[in-house]
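File shown: run_38.pdb. Contents: PDB, C-alpha atoms.
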MODEL        1
ATOM      1  CA  MET A   1     -17.173 -11.037 -19.351
ATOM      2  CA  SER A   2     -13.499 -10.296 -19.529
ATOM      3  CA  GLY A   3     -11.405  -7.476 -20.813
ATOM      4  CA  SER A   4     -11.756  -3.939 -19.700
ATOM      5  CA  LEU A   5     -11.928  -0.460 -21.100
ATOM      6  CA  CYS A   6      -9.752   0.684 -18.223
ATOM      7  CA  TRP A   7      -6.492   0.228 -20.127
ATOM      8  CA  LEU A   8      -7.920   2.056 -23.102
ATOM      9  CA  ARG A   9      -9.232   4.757 -20.789
ATOM     10  CA  ALA A  10      -5.852   5.226 -19.142
ATOM     11  CA  ALA A  11      -4.134   5.361 -22.483
ATOM     12  CA  SER A  12      -6.675   7.842 -23.837
ATOM     13  CA  LEU A  13      -6.265  10.084 -20.813
ATOM     14  CA  LEU A  14      -2.559  10.127 -21.473
ATOM     15  CA  ARG A  15      -3.318  11.285 -24.983
ATOM     16  CA  GLY A  16      -5.548  14.028 -23.618
ATOM     17  CA  ALA A  17      -8.861  12.650 -24.839
ATOM     18  CA  PRO A  18     -11.430  12.940 -22.047
ATOM     19  CA  LEU A  19     -13.338   9.805 -21.182
ATOM     20  CA  ARG A  20     -16.148   9.141 -18.772
ATOM     21  CA  TRP A  21     -16.903   5.787 -17.286
ATOM     22  CA  GLY A  22     -20.254   4.756 -18.596
ATOM     23  CA  ALA A  23     -22.384   1.706 -19.043
ATOM     24  CA  ARG A  24     -20.966   0.768 -22.430
ATOM     25  CA  PRO A  25     -20.541  -2.943 -22.941
ATOM     26  CA  LEU A  26     -16.947  -3.955 -22.379
ATOM     27  CA  SER A  27     -14.959  -4.870 -25.419
ATOM     28  CA  HIS A  28     -11.683  -6.648 -25.566
ATOM     29  CA  ALA A  29      -9.302  -3.760 -25.317
ATOM     30  CA  ALA A  30      -5.855  -4.276 -26.746
ATOM     31  CA  ALA A  31      -4.612  -4.845 -23.217
ATOM     32  CA  GLY A  32      -0.948  -5.486 -22.770
ATOM     33  CA  ASP A  33       0.050  -5.034 -26.385
ATOM     34  CA  GLY A  34       2.194  -2.114 -25.322
ATOM     35  CA  SER A  35       0.794   0.151 -27.992
ATOM     36  CA  ALA A  36       0.221   3.008 -25.536
ATOM     37  CA  PRO A  37       2.936   5.623 -25.613
ATOM     38  CA  GLY A  38       5.681   4.928 -23.179
ATOM     39  CA  GLY A  39       4.643   1.431 -22.078
ATOM     40  CA  GLY A  40       6.009   1.513 -18.532
ATOM     41  CA  GLY A  41       9.107   3.012 -17.059
ATOM     42  CA  GLU A  42       9.862   6.660 -17.343
ATOM     43  CA  GLY A  43       6.959   8.484 -18.945
ATOM     44  CA  GLY A  44       5.100   5.209 -19.330
ATOM     45  CA  ARG A  45       1.701   4.199 -17.976
ATOM     46  CA  GLY A  46       3.181   3.340 -14.601
ATOM     47  CA  SER A  47       5.256   6.460 -14.190
ATOM     48  CA  ARG A  48       4.653   8.842 -11.346
ATOM     49  CA  GLU A  49       3.485  11.510 -13.756
ATOM     50  CA  SER A  50       1.006   9.201 -15.466
ATOM     51  CA  VAL A  51      -0.473   7.988 -12.209
ATOM     52  CA  GLU A  52      -0.697  11.545 -10.931
ATOM     53  CA  ARG A  53      -2.667  12.497 -14.047
ATOM     54  CA  LEU A  54      -5.054   9.597 -13.520
ATOM     55  CA  VAL A  55      -5.743  10.239  -9.849
ATOM     56  CA  ARG A  56      -6.277  13.935 -10.439
ATOM     57  CA  ALA A  57      -8.543  13.471 -13.459
ATOM     58  CA  HIS A  58     -11.648  12.726 -11.435
ATOM     59  CA  PRO A  59     -12.864  13.292  -7.849
ATOM     60  CA  VAL A  60     -13.203   9.565  -7.167
ATOM     61  CA  VAL A  61     -10.695   7.132  -8.641
ATOM     62  CA  VAL A  62     -10.423   3.433  -7.847
ATOM     63  CA  PHE A  63      -7.709   1.003  -8.871
ATOM     64  CA  MET A  64      -9.133  -2.477  -8.573
ATOM     65  CA  LYS A  65      -9.132  -6.007  -9.894
ATOM     66  CA  GLY A  66     -11.798  -6.429 -12.513
ATOM     67  CA  ASN A  67     -14.238  -3.617 -13.096
ATOM     68  CA  PRO A  68     -17.322  -2.270 -11.278
ATOM     69  CA  ALA A  69     -19.627  -4.425 -13.350
ATOM     70  CA  GLN A  70     -17.584  -7.522 -12.649
ATOM     71  CA  PRO A  71     -15.061  -7.234  -9.820
ATOM     72  CA  LEU A  72     -12.576 -10.092  -9.715
ATOM     73  CA  CYS A  73     -11.617  -9.786  -6.068
ATOM     74  CA  GLY A  74     -13.682  -9.701  -2.899
ATOM     75  CA  PHE A  75     -11.854  -6.664  -1.560
ATOM     76  CA  SER A  76     -12.314  -4.770  -4.820
ATOM     77  CA  ASN A  77     -15.965  -5.782  -4.834
ATOM     78  CA  ALA A  78     -16.376  -4.423  -1.316
ATOM     79  CA  VAL A  79     -15.124  -1.020  -2.481
ATOM     80  CA  VAL A  80     -17.525  -1.055  -5.418
ATOM     81  CA  GLN A  81     -20.456  -1.995  -3.220
ATOM     82  CA  ILE A  82     -19.683   0.656  -0.621
ATOM     83  CA  LEU A  83     -19.517   3.348  -3.282
ATOM     84  CA  ARG A  84     -22.771   2.042  -4.708
ATOM     85  CA  LEU A  85     -24.423   2.232  -1.297
ATOM     86  CA  HIS A  86     -23.427   5.872  -1.030
ATOM     87  CA  GLY A  87     -24.829   6.521  -4.494
ATOM     88  CA  VAL A  88     -21.427   7.295  -6.005
ATOM     89  CA  GLN A  89     -21.951   6.217  -9.594
ATOM     90  CA  ASP A  90     -19.642   8.505 -11.495
ATOM     91  CA  TYR A  91     -16.125   7.419 -10.715
ATOM     92  CA  GLN A  92     -13.084   6.268 -12.630
ATOM     93  CA  ALA A  93     -12.165   2.635 -12.162
ATOM     94  CA  TYR A  94      -9.004   1.008 -13.495
ATOM     95  CA  ASP A  95      -8.484  -2.733 -13.752
ATOM     96  CA  VAL A  96      -4.896  -3.373 -12.722
ATOM     97  CA  LEU A  97      -5.078  -6.984 -13.885
ATOM     98  CA  GLN A  98      -5.085  -5.606 -17.415
ATOM     99  CA  ASP A  99      -2.074  -3.386 -16.912
ATOM    100  CA  PRO A 100       0.990  -4.597 -14.986
ATOM    101  CA  ASP A 101       2.779  -1.271 -15.469
ATOM    102  CA  LEU A 102      -0.107   0.649 -13.962
ATOM    103  CA  ARG A 103      -0.406  -1.884 -11.164
ATOM    104  CA  GLN A 104       3.183  -1.370 -10.096
ATOM    105  CA  GLY A 105       2.986   2.336 -10.784
ATOM    106  CA  ILE A 106       0.167   2.975  -8.356
ATOM    107  CA  LYS A 107       1.862   0.919  -5.654
ATOM    108  CA  ASN A 108       4.974   3.048  -6.064
ATOM    109  CA  TYR A 109       2.963   6.266  -6.183
ATOM    110  CA  SER A 110       0.932   5.611  -3.052
ATOM    111  CA  ASN A 111       3.611   3.551  -1.306
ATOM    112  CA  TRP A 112       0.858   1.036  -0.645
ATOM    113  CA  PRO A 113       1.376  -2.622  -1.427
ATOM    114  CA  THR A 114      -2.106  -3.887  -2.165
ATOM    115  CA  ILE A 115      -5.146  -3.489  -4.379
ATOM    116  CA  PRO A 116      -7.777  -1.987  -4.250
ATOM    117  CA  GLN A 117      -6.720   1.625  -3.837
ATOM    118  CA  VAL A 118      -9.146   4.529  -3.496
ATOM    119  CA  TYR A 119      -8.318   8.153  -4.262
ATOM    120  CA  LEU A 120     -10.522  11.093  -3.410
ATOM    121  CA  ASN A 121      -9.703  14.410  -5.026
ATOM    122  CA  GLY A 122      -6.305  13.126  -6.051
ATOM    123  CA  GLU A 123      -5.412  12.033  -2.550
ATOM    124  CA  PHE A 124      -4.898   8.419  -1.527
ATOM    125  CA  LEU A 125      -7.577   7.401   0.946
ATOM    126  CA  GLY A 126      -6.669   3.778   1.553
ATOM    127  CA  GLY A 127      -7.797   0.303   0.646
ATOM    128  CA  CYS A 128     -10.850  -1.793   1.377
ATOM    129  CA  ASP A 129     -10.388  -1.934   5.168
ATOM    130  CA  ILE A 130     -10.105   1.813   5.516
ATOM    131  CA  LEU A 131     -13.032   2.513   3.213
ATOM    132  CA  LEU A 132     -15.151   0.031   5.144
ATOM    133  CA  GLN A 133     -14.276   1.579   8.492
ATOM    134  CA  MET A 134     -14.953   5.053   7.169
ATOM    135  CA  HIS A 135     -18.287   3.810   5.853
ATOM    136  CA  GLN A 136     -19.156   2.294   9.230
ATOM    137  CA  ASN A 137     -18.147   5.299  11.332
ATOM    138  CA  GLY A 138     -19.694   7.944   9.074
ATOM    139  CA  ASP A 139     -16.419   9.503   7.944
ATOM    140  CA  LEU A 140     -17.006   8.532   4.323
ATOM    141  CA  VAL A 141     -20.187  10.597   4.186
ATOM    142  CA  GLU A 142     -18.155  13.606   5.361
ATOM    143  CA  GLU A 143     -15.331  13.016   2.889
ATOM    144  CA  LEU A 144     -17.777  12.744   0.006
ATOM    145  CA  LYS A 145     -19.462  15.930   1.197
ATOM    146  CA  LYS A 146     -16.143  17.756   0.857
ATOM    147  CA  LEU A 147     -16.123  16.715  -2.790
ATOM    148  CA  GLY A 148     -19.625  18.010  -3.272
ATOM    149  CA  ILE A 149     -21.061  14.506  -3.357
ATOM    150  CA  ARG A 150     -24.121  13.927  -1.219
ATOM    151  CA  SER A 151     -24.188  10.380   0.049
ATOM    152  CA  ALA A 152     -27.350   8.462  -0.777
ATOM    153  CA  LEU A 153     -27.322   7.185   2.781
ATOM    154  CA  LEU A 154     -28.255  10.652   4.018
ATOM    155  CA  ASP A 155     -31.419  10.501   1.946
ATOM    156  CA  ALA A 156     -32.093   6.985   3.171
ATOM    157  CA  GLU A 157     -31.813   8.243   6.758
ATOM    158  CA  LYS A 158     -34.180  11.094   5.992
ATOM    159  CA  ASP A 159     -36.758   8.697   4.619
ATOM    160  CA  GLN A 160     -36.396   6.584   7.740
ATOM    161  CA  ASP A 161     -37.023   9.607   9.965
ATOM    162  CA  LYS A 162     -40.183  10.458   8.081
ATOM    163  CA  LYS A 163     -41.777   7.030   8.559
TER     164      LYS A 163
ATOM    165  CA  MET B   1     -24.321  -8.085  -3.869
ATOM    166  CA  LEU B   2     -22.179  -7.504  -0.842
ATOM    167  CA  PRO B   3     -23.507  -9.509   2.085
ATOM    168  CA  ALA B   4     -25.241  -7.371   4.665
ATOM    169  CA  ARG B   5     -23.034  -8.926   7.292
ATOM    170  CA  LEU B   6     -20.062  -7.128   5.872
ATOM    171  CA  LEU B   7     -21.759  -3.776   6.092
ATOM    172  CA  ARG B   8     -23.239  -4.097   9.526
ATOM    173  CA  GLN B   9     -21.055  -3.567  12.511
ATOM    174  CA  ALA B  10     -19.462  -6.976  12.962
ATOM    175  CA  LEU B  11     -20.794  -9.097  15.764
ATOM    176  CA  PRO B  12     -18.644  -8.904  18.876
ATOM    177  CA  ARG B  13     -16.330 -11.858  19.281
ATOM    178  CA  PRO B  14     -15.441 -13.273  22.660
ATOM    179  CA  ALA B  15     -12.059 -12.030  23.785
ATOM    180  CA  PRO B  16      -9.406 -14.748  23.915
ATOM    181  CA  SER B  17      -7.994 -15.690  27.309
ATOM    182  CA  PHE B  18      -4.559 -14.446  26.416
ATOM    183  CA  GLY B  19      -3.395 -11.319  24.673
ATOM    184  CA  TYR B  20      -1.969 -13.214  21.717
ATOM    185  CA  SER B  21      -3.328 -16.016  19.617
ATOM    186  CA  THR B  22      -1.936 -19.282  20.881
ATOM    187  CA  ALA B  23       0.709 -21.148  18.940
ATOM    188  CA  GLY B  24      -0.627 -23.928  16.749
ATOM    189  CA  PRO B  25       1.270 -26.849  15.294
ATOM    190  CA  ALA B  26       5.020 -26.589  14.772
ATOM    191  CA  MET B  27       5.868 -23.044  13.767
ATOM    192  CA  GLU B  28       8.074 -24.157  10.913
ATOM    193  CA  GLU B  29       4.914 -25.350   9.155
ATOM    194  CA  LYS B  30       3.651 -21.773   9.099
ATOM    195  CA  PRO B  31       6.721 -19.680   8.490
ATOM    196  CA  VAL B  32       4.905 -16.643   7.134
ATOM    197  CA  GLU B  33       2.377 -16.544   9.932
ATOM    198  CA  SER B  34       5.131 -16.953  12.494
ATOM    199  CA  SER B  35       7.162 -14.179  10.959
ATOM    200  CA  ILE B  36       4.205 -11.806  10.868
ATOM    201  CA  ARG B  37       3.378 -12.514  14.487
ATOM    202  CA  ALA B  38       6.949 -12.106  15.683
ATOM    203  CA  LYS B  39       7.487  -8.821  13.881
ATOM    204  CA  LEU B  40       4.228  -7.286  15.063
ATOM    205  CA  LEU B  41       4.869  -8.374  18.639
ATOM    206  CA  GLN B  42       8.292  -6.853  18.644
ATOM    207  CA  ALA B  43       7.455  -3.622  16.877
ATOM    208  CA  LEU B  44       4.088  -2.796  18.406
ATOM    209  CA  GLN B  45       4.024  -4.534  21.813
ATOM    210  CA  PRO B  46       0.298  -5.039  21.352
ATOM    211  CA  VAL B  47      -2.170  -5.745  24.135
ATOM    212  CA  HIS B  48      -4.042  -7.871  21.629
ATOM    213  CA  LEU B  49      -2.860  -9.575  18.467
ATOM    214  CA  GLU B  50      -4.468 -12.039  16.115
ATOM    215  CA  VAL B  51      -2.785 -13.233  12.936
ATOM    216  CA  LEU B  52      -5.328 -15.044  10.817
ATOM    217  CA  ASN B  53      -4.395 -16.977   7.712
ATOM    218  CA  GLU B  54      -7.364 -16.448   5.392
ATOM    219  CA  SER B  55      -5.796 -18.115   2.385
ATOM    220  CA  SER B  56      -8.346 -20.926   2.536
ATOM    221  CA  MET B  57     -11.016 -18.352   1.669
ATOM    222  CA  HIS B  58      -9.330 -17.737  -1.670
ATOM    223  CA  ALA B  59      -8.491 -19.539  -4.891
ATOM    224  CA  VAL B  60      -5.028 -20.669  -3.786
ATOM    225  CA  PRO B  61      -3.627 -24.135  -2.989
ATOM    226  CA  ARG B  62      -4.302 -25.746   0.365
ATOM    227  CA  GLY B  63      -1.772 -24.747   2.970
ATOM    228  CA  ALA B  64      -0.866 -21.497   1.215
ATOM    229  CA  GLU B  65       0.118 -18.501   3.281
ATOM    230  CA  THR B  66      -0.884 -15.704   0.930
ATOM    231  CA  HIS B  67      -3.898 -13.951   2.466
ATOM    232  CA  PHE B  68      -3.853 -12.707   6.049
ATOM    233  CA  LYS B  69      -5.887 -10.640   8.449
ATOM    234  CA  VAL B  70      -4.183  -9.031  11.442
ATOM    235  CA  VAL B  71      -6.114  -7.637  14.377
ATOM    236  CA  ILE B  72      -3.934  -5.491  16.596
ATOM    237  CA  ALA B  73      -4.530  -3.321  19.610
ATOM    238  CA  SER B  74      -1.484  -1.243  20.453
ATOM    239  CA  GLN B  75      -0.700   2.003  22.180
ATOM    240  CA  ARG B  76       1.576   2.778  19.227
ATOM    241  CA  PHE B  77      -1.551   3.615  17.245
ATOM    242  CA  ALA B  78      -2.654   6.355  19.617
ATOM    243  CA  GLY B  79      -2.947   9.671  17.842
ATOM    244  CA  LEU B  80      -2.474   8.106  14.424
ATOM    245  CA  PRO B  81      -5.211   8.315  11.785
ATOM    246  CA  LEU B  82      -6.297   5.073  10.141
ATOM    247  CA  LEU B  83      -4.087   5.463   7.105
ATOM    248  CA  GLN B  84      -0.981   5.994   9.191
ATOM    249  CA  ARG B  85      -1.782   2.991  11.365
ATOM    250  CA  HIS B  86      -2.038   0.808   8.302
ATOM    251  CA  ARG B  87       1.143   2.283   6.845
ATOM    252  CA  LEU B  88       2.947   1.436  10.066
ATOM    253  CA  VAL B  89       1.842  -2.175   9.836
ATOM    254  CA  ASN B  90       2.725  -2.328   6.142
ATOM    255  CA  GLU B  91       6.192  -1.046   6.957
ATOM    256  CA  ILE B  92       6.729  -3.628   9.681
ATOM    257  CA  LEU B  93       5.632  -6.387   7.295
ATOM    258  CA  GLN B  94       7.375  -4.953   4.251
ATOM    259  CA  ALA B  95       9.336  -8.111   3.521
ATOM    260  CA  GLU B  96       6.303 -10.369   3.768
ATOM    261  CA  LEU B  97       4.293  -8.067   1.514
ATOM    262  CA  ALA B  98       7.096  -7.946  -1.029
ATOM    263  CA  GLY B  99       7.333 -11.716  -0.782
ATOM    264  CA  PRO B 100       4.688 -14.329  -0.100
ATOM    265  CA  VAL B 101       1.822 -12.192   1.196
ATOM    266  CA  HIS B 102      -0.643 -11.222  -1.509
ATOM    267  CA  ALA B 103      -3.364  -9.662   0.630
ATOM    268  CA  LEU B 104      -3.317  -8.165   4.102
ATOM    269  CA  SER B 105      -6.417  -7.033   5.947
ATOM    270  CA  ILE B 106      -5.659  -4.831   8.933
ATOM    271  CA  GLN B 107      -7.756  -3.890  11.944
ATOM    272  CA  ALA B 108      -5.676  -1.495  14.015
ATOM    273  CA  LYS B 109      -7.034  -0.145  17.284
ATOM    274  CA  THR B 110      -5.678   1.515  20.374
ATOM    275  CA  PRO B 111      -6.071  -0.489  23.611
ATOM    276  CA  GLN B 112      -8.917   1.806  24.621
ATOM    277  CA  GLN B 113     -10.697   1.339  21.306
ATOM    278  CA  TRP B 114     -10.268  -2.415  21.656
ATOM    279  CA  GLU B 115     -11.821  -2.374  25.106
ATOM    280  CA  GLU B 116     -14.758  -0.326  23.825
ATOM    281  CA  ASN B 117     -15.382  -2.466  20.789
ATOM    282  CA  ARG B 118     -13.875  -5.867  20.213
ATOM    283  CA  SER B 119     -15.782  -6.523  17.022
ATOM    284  CA  VAL B 120     -13.800  -7.426  13.930
ATOM    285  CA  SER B 121     -15.134  -7.010  10.412
ATOM    286  CA  GLN B 122     -15.192 -10.219   8.454
ATOM    287  CA  SER B 123     -13.175 -10.281   5.260
ATOM    288  CA  PRO B 124     -15.120 -10.445   2.005
ATOM    289  CA  GLY B 125     -15.348 -13.720   0.141
ATOM    290  CA  CYS B 126     -13.156 -14.522  -2.805
ATOM    291  CA  LEU B 127     -14.287 -13.694  -6.316
ATOM    292  CA  GLY B 128     -11.595 -15.804  -7.868
ATOM    293  CA  GLY B 129      -9.246 -12.902  -8.474
ATOM    294  CA  SER B 130      -6.175 -14.978  -7.673
ATOM    295  CA  LYS B 131      -6.974 -17.224 -10.617
ATOM    296  CA  HIS B 132      -6.754 -14.232 -12.960
ATOM    297  CA  ASP B 133      -3.717 -12.744 -11.319
ATOM    298  CA  PRO B 134      -0.343 -13.301 -12.955
ATOM    299  CA  HIS B 135       1.358 -12.246  -9.714
ATOM    300  CA  MET B 136       0.041 -15.227  -7.786
ATOM    301  CA  ALA B 137       2.481 -17.672  -9.311
ATOM    302  CA  THR B 138       5.344 -15.602  -7.913
ATOM    303  CA  LYS B 139       3.738 -15.340  -4.499
ATOM    304  CA  LEU B 140       3.054 -19.066  -4.318
ATOM    305  CA  GLY B 141       6.476 -19.900  -5.690
ATOM    306  CA  SER B 142       8.157 -17.993  -2.902
ATOM    307  CA  GLN B 143       6.537 -20.323  -0.374
ATOM    308  CA  GLY B 144       8.625 -23.272  -1.600
TER     309      GLY B 144
ENDMDL
END
How would this structure read if it were set down as structure tokens?
Amino acid sequence: MSGSLCWLRAASLLRGAPLRWGARPLSHAAAGDGSAPGGGGEGGRGSRESVERLVRAHPVVVFMKGNPAQPLCGFSNAVVQILRLHGVQDYQAYDVLQDPDLRQGIKNYSNWPTIPQVYLNGEFLGGCDILLQMHQNGDLVEELKKLGIRSALLDAEKDQDKK
Amino acid sequence: MLPARLLRQALPRPAPSFGYSTAGPAMEEKPVESSIRAKLLQALQPVHLEVLNESSMHAVPRGAETHFKVVIASQRFAGLPLLQRHRLVNEILQAELAGPVHALSIQAKTPQQWEENRSVSQSPGCLGGSKHDPHMATKLGSQG
């Protein structure tokens, strides 16, 4: 499966139409045809303002390679799997392989050179390594709690205690 | 599905005899690795440093120097949250990251943290992303 709705989603957000990531089958979005307003540069998809809008549009935002259903990079997959473990299902994911302007834009915005990138409540959290360490040391559960998201691992622990 | 090994605390690895990974074959064969090591040594004066070329785990040509893991224990990290530690390393290796290095995994600990726990998380396996990535040609091209 190739193609991603992420480019379409980003473009639609710029136009003000709300979108939620759902389990719709992926279609071949018109990726890279530059039909979105701006198309890079000032006011374009990769501009500071555009990226800011994207990261603030949802409590959990991930810029990755591929998409959650089919990650195209081991590090991006690790982020997806960690979020899945914590029961975080409702998050915005953007496939940077479909959008070079966005890819460069988020690197400029976060001053971070690599993908994946995770944002919580509009704030850059880090990449795969940081998310993994936060998962291992329990900090991720606390950060999700601040967003009003109860980690599924807490329920898993509860079940363990009952047995 | 992510392997369980990646999610468990990594198994402890035996500490090397010396603080730094030993030099391999002629350094000029591994210019990127050498540069990374030299810069981190100079900037962070680490008590422990490993520079691991993980390119062979990814869909890139043999001998490529595009994917690295660095394991560093340095007093410079004391008092710094994780994000700032990683930013410090990114800054030191800015040229490499703008050039040949496509992926950099960082494990940054203080000397005390390293003494308490010498385990290092294994990097996830490749999902072929480099094959789909238009940037890779540039990265590989810069390695001559």
Quick one: which chain B residues come within 6 Å of chain A, and what is the nearest atom pair for each with the distance in Å to one decimal, counting all atoms listed in the file, rows ordered by chain and ascending number, as JSON lines?
{"residue": "B:Pro124", "atom": "CA", "partner": "A:Gly74", "partner_atom": "CA", "distance": 5.2}
{"residue": "B:Gly125", "atom": "CA", "partner": "A:Gly74", "partner_atom": "CA", "distance": 5.3}
{"residue": "B:Cys126", "atom": "CA", "partner": "A:Gly74", "partner_atom": "CA", "distance": 4.9}
{"residue": "B:Leu127", "atom": "CA", "partner": "A:Cys73", "partner_atom": "CA", "distance": 4.7}
{"residue": "B:Gly129", "atom": "CA", "partner": "A:Leu72", "partner_atom": "CA", "distance": 4.5}
Atom CA of B:Val120 sits from atom CA of B:Leu93 at a separation of 20.6 Å
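Proximity to A:Pro59 was assessed for A:Gln160, A:Gln92, A:Gln117, A:Gln104 counting only C-alpha atoms; the smallest distance is recorded for A:Gln92.
A straight line drawn from atom CA of A:Tyr109 to atom CA of A:Arg48 is 6.0 Å long.
From atom CA of B:Val32 back to atom CA of B:Ala108, the distance works out to 19.7 Å.
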Which of these, B:Ala38, B:Leu104, B:Ala95, B:Leu82, has the shortest distance to B:Thr66 once you count all atoms listed in the file?
-> B:Leu104
Please expand the PyMOL selection byres ((chain B and resi 88) around 12) into the concrete residues it hits in this file, giving the result as an mmCIF file with C-alpha atoms, keeping the file's coordinate frame.
data_model
loop_
_atom_site.group_PDB
_atom_site.id
_atom_site.type_symbol
_atom_site.label_atom_id
_atom_site.label_comp_id
_atom_site.auth_asym_id
_atom_site.auth_seq_id
_atom_site.Cartn_x
_atom_site.Cartn_y
_atom_site.Cartn_z
ATOM 1 C CA ASN A 111 3.611 3.551 -1.306
ATOM 2 C CA TRP A 112 0.858 1.036 -0.645
ATOM 3 C CA LYS B 39 7.487 -8.821 13.881
ATOM 4 C CA LEU B 40 4.228 -7.286 15.063
ATOM 5 C CA ALA B 43 7.455 -3.622 16.877
ATOM 6 C CA LEU B 44 4.088 -2.796 18.406
ATOM 7 C CA ILE B 72 -3.934 -5.491 16.596
ATOM 8 C CA SER B 74 -1.484 -1.243 20.453
ATOM 9 C CA ARG B 76 1.576 2.778 19.227
ATOM 10 C CA PHE B 77 -1.551 3.615 17.245
ATOM 11 C CA LEU B 80 -2.474 8.106 14.424
ATOM 12 C CA PRO B 81 -5.211 8.315 11.785
ATOM 13 C CA LEU B 82 -6.297 5.073 10.141
ATOM 14 C CA LEU B 83 -4.087 5.463 7.105
ATOM 15 C CA GLN B 84 -0.981 5.994 9.191
ATOM 16 C CA ARG B 85 -1.782 2.991 11.365
ATOM 17 C CA HIS B 86 -2.038 0.808 8.302
ATOM 18 C CA ARG B 87 1.143 2.283 6.845
ATOM 19 C CA VAL B 89 1.842 -2.175 9.836
ATOM 20 C CA ASN B 90 2.725 -2.328 6.142
ATOM 21 C CA GLU B 91 6.192 -1.046 6.957
ATOM 22 C CA ILE B 92 6.729 -3.628 9.681
ATOM 23 C CA LEU B 93 5.632 -6.387 7.295
ATOM 24 C CA GLN B 94 7.375 -4.953 4.251
ATOM 25 C CA ILE B 106 -5.659 -4.831 8.933
ATOM 26 C CA ALA B 108 -5.676 -1.495 14.015
#
All residues 12 Å or closer to B:Glu65, only C-alpha atoms, same chain fewer than 5 positions away omitted, as a PyMOL selection string = chain B and resi 29-36+51-60+96-97+99-104+136+139-144
What's the 8 Å shell around A:Leu102, counting only C-alpha atoms, without same-chain residues fewer than 3 positions away, as a PDB file with C-alpha atoms, in the coordinates of the input?
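What follows is the written file part34.pdb:
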ATOM      1  CA  GLY A  40       6.009   1.513 -18.532  1.00  0.00           C
ATOM      2  CA  ARG A  45       1.701   4.199 -17.976  1.00  0.00           C
ATOM      3  CA  GLY A  46       3.181   3.340 -14.601  1.00  0.00           C
ATOM      4  CA  SER A  47       5.256   6.460 -14.190  1.00  0.00           C
ATOM      5  CA  VAL A  51      -0.473   7.988 -12.209  1.00  0.00           C
ATOM      6  CA  VAL A  96      -4.896  -3.373 -12.722  1.00  0.00           C
ATOM      7  CA  ASP A  99      -2.074  -3.386 -16.912  1.00  0.00           C
ATOM      8  CA  GLY A 105       2.986   2.336 -10.784  1.00  0.00           C
ATOM      9  CA  ILE A 106       0.167   2.975  -8.356  1.00  0.00           C
TER      10      ILE A 106
END
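Minimum atom-to-atom distances from A:Gly148, A:Gly44, A:Gly122, A:Gly138 to A:His58 were compared using only C-alpha atoms, and the lowest value belongs to A:Gly122.
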Could you tell me which residues the PyMOL selection byres ((chain A and resi 86-89) around 9) returns for this structure, as a PyMOL selection string?
-> chain A and resi 60+81-85+90-91+135+140-141+144+149-154
Each side padded by 4 Å, which centre and which edge lengths in Å (one decimal) define the axis-aligned box around the listed atoms of stretch 57-65 of chain A? Give them as JSON.
{"center_x": -10.5, "center_y": 3.7, "center_z": -10.3, "size_x": 13.5, "size_y": 27.5, "size_z": 14.3}
